[in-house]
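Novice: Next up is a structure, given as structure tokens.
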Amino acid sequence: MLTDHDHPYKVTGHAEPVTQRPEHRSGLCTWLSQMLCLYYVASAVTLPFANRIWFGEIPVLAVIQLPKTFLKSLFQHAFLWFVRSTGLSQGSFSPDYMATHPWAMAAMSITPLIVLIILIRLTRPRPLHSRVIMYTVTLAAVDTAVTFWFDSTSALSLYTGSWF
């Protein structure tokens, strides 16, 4: 016979609400930072050779740059709208586009990193994770330098198109 002490369904103490454990969220952030680091490395390593390997009319290694070109296009349209709506427009699309191009490139490069840092800080505010941020920032800086170099020197214009 079971006593009160041995009862399997007896609730002792107060019940705490069930929430997602921080380890799961921090695991997701670690995975996201690893994927972002992998993307930055792949992007920086393949970009200098993007104009060398073609499949028909598609530069094969440039396919890796598609997420960045999409982000750049999105920011470019936002900056162009801002220039027009504030009265700073030169009256023609081309000068406005050239004036906002470096800003859109910078926003394209920094936005994924800022989002990741915010997520890491919200889910894992421990000092140990500053290494993850440091590695990601370093790889993002290398990729940004390679991207700006490629954009200014290559005849292949990956970052001047528009998705919209």
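Residue numbering restarts at 1 for every chain of the structure tokens, chains are lettered A, B, ... in their displayed order, and ligands are numbered from 1 as they appear.
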Taking the DSSP assignment computed from this structure's backbone, write out as a list of chain:residue names all residues of region 40-157 of chain A that belong to strand (DSSP E).
Specialist: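 Assigned to strand (DSSP E), within region 40-157 of chain A: A:Trp54, A:Phe55, A:Ile58, A:Pro59.
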Novice: Please provide as a ChimeraX atom specification all residues within 10 Å of His101 (chain A), with the sequence filter that same-chain residues fewer than 6 positions apart are discarded (counting only C-alpha atoms).
Specialist: /A:72-73,75-76,79-80,95,107,159-160
Novice: Quick one: of A:Val45, A:Leu88, A:Met105, A:Cys29, who's nearest to Leu71 (chain A), counting only C-alpha atoms?
Specialist: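 Nearest candidate to Leu71 (chain A) out of A:Val45, A:Leu88, A:Met105, A:Cys29: A:Met105.
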Novice: Can you work out which one of A:Ser130, A:Leu156, A:Thr138, A:Tyr97 has the shortest atom-to-atom distance to Trp54 (chain A), counting only C-alpha atoms?
Specialist: A:Leu156
Novice: Could you give me, as a PyMOL selection string, the residues within 12 Å of Val115 (chain A), counting only C-alpha atoms and dropping anything in the same chain fewer than 5 positions from it?
Specialist: chain A and resi 29+32-33+36+107-110+120-122+133+136-137
Novice: Got time to write the residues from that selection, N, CA and C atoms, as a short mmCIF file (atom, residue, chain, number, x, y, z; two decimals), in the first residue's frame?
Specialist:
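So the final result, stored in again_4.cif, reads:
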```cif
data_model
loop_
_atom_site.label_atom_id
_atom_site.label_comp_id
_atom_site.auth_asym_id
_atom_site.auth_seq_id
_atom_site.Cartn_x
_atom_site.Cartn_y
_atom_site.Cartn_z
N CYS A 29 20.59 30.19 -31.41
CA CYS A 29 21.47 31.32 -31.72
C CYS A 29 22.86 30.86 -32.10
N LEU A 32 22.55 29.63 -35.62
CA LEU A 32 22.43 30.75 -36.54
C LEU A 32 23.76 31.46 -36.74
N SER A 33 24.49 31.65 -35.66
CA SER A 33 25.79 32.32 -35.79
C SER A 33 26.77 31.45 -36.57
N LEU A 36 25.77 31.81 -40.20
CA LEU A 36 26.16 33.12 -40.69
C LEU A 36 27.67 33.19 -40.92
N ALA A 107 24.35 48.99 -45.34
CA ALA A 107 23.20 48.42 -44.64
C ALA A 107 23.07 46.93 -44.93
N MET A 108 23.35 46.54 -46.17
CA MET A 108 23.31 45.13 -46.55
C MET A 108 24.32 44.33 -45.74
N SER A 109 25.48 44.91 -45.51
CA SER A 109 26.54 44.19 -44.81
C SER A 109 26.32 44.10 -43.31
N ILE A 110 25.77 45.14 -42.72
CA ILE A 110 25.70 45.21 -41.27
C ILE A 110 24.40 44.67 -40.67
N ILE A 120 21.51 37.13 -29.85
CA ILE A 120 22.44 36.50 -28.89
C ILE A 120 22.34 37.18 -27.54
N ARG A 121 22.31 38.50 -27.54
CA ARG A 121 22.26 39.23 -26.27
C ARG A 121 20.93 39.01 -25.55
N LEU A 122 19.85 38.85 -26.29
CA LEU A 122 18.55 38.61 -25.66
C LEU A 122 18.44 37.20 -25.09
N ILE A 133 30.21 36.39 -30.84
CA ILE A 133 30.01 37.69 -31.49
C ILE A 133 31.30 38.16 -32.15
N THR A 136 31.94 36.25 -35.39
CA THR A 136 30.98 36.64 -36.42
C THR A 136 31.30 38.03 -36.94
N VAL A 137 31.63 38.97 -36.06
CA VAL A 137 31.98 40.33 -36.48
C VAL A 137 33.23 40.32 -37.35
#
```
Novice: Restricting the calculation to only C-alpha atoms: of A:Thr144, A:Ser157, A:Asp151, A:Gln90, which residue gets closest to Ala106 (chain A)?
Specialist: A:Thr144
Novice: Grab the CA of Lys68 (chain A) to CA of Asp96 (chain A) distance for me, in Å with one decimal place.
Specialist: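 According to the coordinates, CA of Lys68 (chain A) and CA of Asp96 (chain A) are separated by 20.7 Å.
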Novice: Figure out the distance between CA of Thr46 (chain A) and CA of Val63 (chain A), please, to one decimal in Å.
Specialist: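 That distance, rounded to one decimal, is 9.9 Å.
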Novice: Excluding Ile64 (chain A) and residues on its chain fewer than 2 positions from it, collect all residues at most 9 Å away from it, counting only C-alpha atoms, and give them as number ranges by chain.
Specialist: A: 39, 42-43, 46-47, 60-62, 66-68
Novice: Work out how far apart CA of Ile117 (chain A) and CA of Phe70 (chain A) are and give it in Å to one decimal.
Specialist: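 Distance between the two atoms: 21.0 Å.
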Novice: Measuring atom to atom with only C-alpha atoms, identify which of A:Ile58, A:Leu158, A:Ala99, A:Ala140 is nearest to Pro112 (chain A).
Specialist: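 Looking at the shortest contact to Pro112 (chain A), the residue is A:Ala140.
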